[in-house]
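Visitor: Have a look at this one before I ask anything.
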Amino acid sequence: MVTDSLPANDTRRAARNAGALAAANLFSKGMLFIWQFVLARWIGDAGYGVYGTVGALTIIATVIGSFGMGLIVIRDVSREPEKAGRYLTATLFMQTGLVLVAYIIMNAAAYAFGYSADIQVFVALAGIGLIIDIYSNMCSDQLLAQERMVATSVVEAVHIVLRIGLVALVLWQGFDLLGMYLIGLVASGVRSMLFWWALARTGVSPIFPVNWQIAAPLFLNSVPLALSAIFTLAYQQADKLMSTRFVGESSTGYLTAAFVIITGVVELLNSTVLIATYPIMSRYYADARDVFGFIIEKLVFFTTIITLPVCLVLSVFAAEITVPLFGTDFLPTAAVLRVLIWYALVTMAVNIFAQGMMVQNRQRRLLFIRMGGLLLNLTLNLTLLIAFDLGVMGIVYASVAAETLVLSVMLLTFRDEGIETLRLSRKLVRPLLTGVIAIVVMLLMGHLHFTIGVLAGAVVYLAALLFGNIFADDDLDLIYRLLAAMPGGSLVLRYWQRDVQVNW
């Protein structure tokens, strides 16, 4: 079986890396998650719409500045760690120029879209923070390539705590969004210093001059990946940019609030695991292709299993969740979240296949897929916004439809040893049908109280997982190995026995 091909040290390392990242993310991202609810109440729906618009432009500019080099650096340095200093020099040289170009583009876009003078000033300040953050990200990529997940997570946690504290202080003192963006520059500076200090402790430093035998292929291989990421984020963030332009800042505030919840779900349940497994996936693609394909298939399957009940709850009980979190002014967010949460489920699977294509060095194929998704999203946005006058909900429907098409194309085109997308699609049918049953139970029992509906739906879903023959033997073997590898795994071995060798 493929699970037997996974060495004990790799299984243990992947489990512990994921555990370390999950613990750090649970703390840092959890604080940031909670802070978004406080911030939304503090600055109101229109102010939150401005905040979302500036954030959307900054995110797109971030991709231009980093140019997709981070994933290639992690992949290559994890295979050849002796070249870490050379890669650091290459990124230091190239990304400095790229982030300055990104700064010009984001400010030009804010002017071209006809945004208010306030938004243009905030974009300019956020762009300065972006320049500082690029230098932090170079170090973060190097640390991740060394699988120093704990150090990376600690720095990010300190940065988020500092940023939240400083922003809360200036807002409490009566300063507006201008003060928030100014003080954010201080937090970005501290993050950059901490990352460079952490990387220096590992012995990695820039090695000059630039080695163009490393820099040139790094840039060329990054081009399709960067364009793909730009197209991806363009249609993810186009929602907010178009909402501010066509339906107003308040509607953008509702959309931004929904995206806060969706981003939190994706970060915790998807991004953490992908970061932890990326170096191992890169090595297995070179040495054991069947294991690489096995990892891709299992990631998609288990991500769906874990995420589906979360999406069900957030969809059925959107109003009961959003109003206590953001306040009554954000009641329209419930309608947005009820539909947009399914975008999160689809995009998690898309992210797994995208990372797989990156490991395969098929950035160009990924680029064409992303281009198609962006064109469809823009077309649907304009059609539903203008022709059908659906307002912000038209943007929501367009996002879900475009991302679903992207996933369909990936399922049809992704190929490698150890994975059969048709088999995977069939395997996902049963848990999805279980979700349909669970959502009916939630709707029926939710009339009594939403907590009763959540608990009843959870019981039905869990019972189906345990007794519905959803997991194959290799699924259970993998779960057994991963749980045994994590802290407290001895309890698993004590109360759950399988005929699987666990030699750590």
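In the structure tokens, chains take the letters A, B, ... in the order shown, each chain's residues start at 1, and ligands count up from 1 in the order shown.
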Give me the residues near segment 335-337 of chain A as number ranges by chain, where near means some atom within 9 Å (using only C-alpha atoms) and where sequence neighbours in that chain fewer than 6 positions away do not count.
Guide: A: 254-255, 257-259, 261-262, 314-315, 318-319, 322, 392-393, 396
Visitor: Just write the chosen residues, C-alpha atoms, as a compact mmCIF listing (two decimals), in the first residue's frame.
Guide:
```txt
# COMPACT_ATOMS: atom_id res chain seq x y z
CA TYR A 254 -20.74 43.47 3.78
CA LEU A 255 -18.67 41.57 1.23
CA ALA A 257 -17.07 40.91 6.38
CA ALA A 258 -18.11 37.66 4.68
CA PHE A 259 -14.60 37.25 3.26
CA ILE A 261 -14.98 34.43 7.81
CA ILE A 262 -14.14 32.63 4.57
CA LEU A 314 -22.16 28.83 8.12
CA SER A 315 -24.60 28.57 5.23
CA ALA A 318 -25.42 32.69 8.51
CA ALA A 319 -27.64 35.32 10.16
CA THR A 322 -22.80 37.19 11.46
CA VAL A 392 -23.59 42.60 -4.38
CA MET A 393 -25.25 39.16 -4.68
CA VAL A 396 -21.17 36.50 -5.01
```
Visitor: Give me the residues near segment 352-358 of chain A as a ChimeraX atom specification, where near means some atom within 10 Å (using only C-alpha atoms) and where sequence neighbours in that chain fewer than 6 positions away do not count.
Guide: /A:71-72,75,221-222,225,228-229,270-271,273-275,278,281-282,285,292-293,295-297,299-300,303,364-367,369-370,407,410-411,414-416
Visitor: I'd like to know which of A:Phe175, A:Tyr181, A:Phe93, A:Phe195 is closest to Val210 of chain A, using only C-alpha atoms.
Guide: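 Checking each of A:Phe175, A:Tyr181, A:Phe93, A:Phe195 against Val210 of chain A, counting only C-alpha atoms, the winner is A:Phe93.
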Visitor: Report as a list in words all protein, DNA and RNA residues lying within 12 Å of Val454 of chain A, evaluated on only C-alpha atoms, omitting residues in the same chain fewer than 5 positions from it.
Guide: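 Here the qualifying residues turn out to be Pro309, Val310, Cys311, Leu312, Val313, Leu314, Ser315, Val316, Phe317, Ala318, Glu320, Ile321, Ala438, Ile439, Val440, Val441, Met442, Leu443, Leu444, Met445, Gly446, His447, Leu448, His449, Val459, Val460 and Tyr461 of chain A.
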Visitor: Output the selection as a compact mmCIF listing (two decimals), in the first residue's frame - N, CA, C and O atoms for each residue.
Guide:
```
# COMPACT_ATOMS: atom_id res chain seq x y z
N PRO A 309 -18.81 20.16 6.93
CA PRO A 309 -19.73 20.53 8.01
C PRO A 309 -19.61 22.00 8.41
O PRO A 309 -20.62 22.61 8.81
N VAL A 310 -18.41 22.57 8.30
CA VAL A 310 -18.23 23.99 8.61
C VAL A 310 -19.03 24.84 7.62
O VAL A 310 -19.72 25.79 8.01
N CYS A 311 -18.96 24.48 6.35
CA CYS A 311 -19.71 25.21 5.32
C CYS A 311 -21.21 25.06 5.53
O CYS A 311 -21.97 26.03 5.33
N LEU A 312 -21.66 23.89 5.92
CA LEU A 312 -23.08 23.66 6.16
C LEU A 312 -23.60 24.58 7.27
O LEU A 312 -24.65 25.23 7.13
N VAL A 313 -22.85 24.65 8.36
CA VAL A 313 -23.28 25.47 9.50
C VAL A 313 -23.29 26.95 9.13
O VAL A 313 -24.26 27.67 9.42
N LEU A 314 -22.24 27.42 8.47
CA LEU A 314 -22.16 28.83 8.12
C LEU A 314 -23.18 29.22 7.06
O LEU A 314 -23.58 30.39 6.98
N SER A 315 -23.60 28.27 6.24
CA SER A 315 -24.60 28.57 5.23
C SER A 315 -26.01 28.62 5.82
O SER A 315 -26.76 29.56 5.59
N VAL A 316 -26.34 27.60 6.59
CA VAL A 316 -27.71 27.51 7.15
C VAL A 316 -27.94 28.58 8.20
O VAL A 316 -29.00 29.21 8.26
N PHE A 317 -26.95 28.82 9.05
CA PHE A 317 -27.13 29.73 10.18
C PHE A 317 -26.29 30.99 10.01
O PHE A 317 -25.71 31.49 10.97
N ALA A 318 -26.25 31.51 8.80
CA ALA A 318 -25.42 32.69 8.51
C ALA A 318 -25.85 33.89 9.34
O ALA A 318 -25.01 34.60 9.90
N GLU A 320 -27.55 33.98 12.18
CA GLU A 320 -27.32 33.76 13.61
C GLU A 320 -25.84 33.91 13.98
O GLU A 320 -25.51 34.13 15.15
N ILE A 321 -24.96 33.80 13.00
CA ILE A 321 -23.53 33.89 13.26
C ILE A 321 -22.99 35.30 12.98
O ILE A 321 -22.22 35.85 13.76
N ALA A 438 -27.47 16.14 6.18
CA ALA A 438 -27.18 16.95 7.37
C ALA A 438 -27.83 18.33 7.27
O ALA A 438 -28.34 18.86 8.26
N ILE A 439 -27.82 18.92 6.08
CA ILE A 439 -28.38 20.26 5.94
C ILE A 439 -29.91 20.24 6.10
O ILE A 439 -30.50 21.18 6.63
N VAL A 440 -30.54 19.16 5.67
CA VAL A 440 -31.98 19.02 5.88
C VAL A 440 -32.29 18.94 7.38
O VAL A 440 -33.21 19.58 7.89
N VAL A 441 -31.49 18.15 8.10
CA VAL A 441 -31.67 18.02 9.55
C VAL A 441 -31.45 19.37 10.23
O VAL A 441 -32.21 19.77 11.13
N MET A 442 -30.46 20.11 9.80
CA MET A 442 -30.19 21.43 10.38
C MET A 442 -31.37 22.37 10.16
O MET A 442 -31.77 23.13 11.06
N LEU A 443 -31.92 22.35 8.96
CA LEU A 443 -33.05 23.24 8.65
C LEU A 443 -34.28 22.89 9.50
O LEU A 443 -34.97 23.79 9.99
N LEU A 444 -34.52 21.60 9.67
CA LEU A 444 -35.69 21.17 10.45
C LEU A 444 -35.51 21.47 11.93
O LEU A 444 -36.40 22.04 12.57
N MET A 445 -34.37 21.09 12.48
CA MET A 445 -34.14 21.27 13.91
C MET A 445 -33.79 22.72 14.25
O MET A 445 -33.95 23.15 15.40
N GLY A 446 -33.32 23.46 13.28
CA GLY A 446 -32.96 24.85 13.53
C GLY A 446 -34.15 25.72 13.87
O GLY A 446 -33.97 26.81 14.43
N HIS A 447 -35.36 25.28 13.54
CA HIS A 447 -36.56 26.04 13.90
C HIS A 447 -36.73 26.09 15.41
O HIS A 447 -37.34 27.03 15.94
N LEU A 448 -36.24 25.08 16.12
CA LEU A 448 -36.31 25.08 17.58
C LEU A 448 -35.29 26.06 18.16
O LEU A 448 -35.63 26.91 18.97
N HIS A 449 -34.05 25.91 17.74
CA HIS A 449 -32.97 26.83 18.11
C HIS A 449 -31.78 26.49 17.24
O HIS A 449 -31.54 25.32 16.93
N VAL A 459 -24.27 15.53 14.60
CA VAL A 459 -24.45 14.12 14.97
C VAL A 459 -24.72 13.26 13.74
O VAL A 459 -24.15 12.18 13.57
N VAL A 460 -25.59 13.75 12.87
CA VAL A 460 -25.91 13.01 11.65
C VAL A 460 -24.66 12.86 10.77
O VAL A 460 -24.38 11.77 10.25
N TYR A 461 -23.90 13.94 10.62
CA TYR A 461 -22.72 13.90 9.77
C TYR A 461 -21.66 12.97 10.35
O TYR A 461 -21.06 12.15 9.62
```
Visitor: If I take atom CA of Arg338 of chain A and atom CA of Lys298 of chain A, how far is one from the other in Å, to one decimal?
Guide: 27.4 Å
Visitor: So which residues touch segment 422-436 of chain A within 7 Å, counting only C-alpha atoms, skipping near sequence neighbours fewer than 5 positions away, as number ranges by chain?
Guide: A: 297, 301, 305, 308, 461, 464, 470
Visitor: Can you list every residue in segment 144-368 of chain A that DSSP puts in alpha helix (DSSP H), as number ranges by chain?
Guide: A: 144-145, 149-172, 177-200, 212-246, 249-266, 272-287, 289-316, 318-326, 333-359, 363-368
Visitor: Smallest atom-to-atom distance to Met193 of chain A: which of A:Ala124, A:Ala234, A:Ile60, A:Met138, using only C-alpha atoms?
Guide: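 Nearest candidate to Met193 of chain A out of A:Ala124, A:Ala234, A:Ile60, A:Met138: A:Met138.
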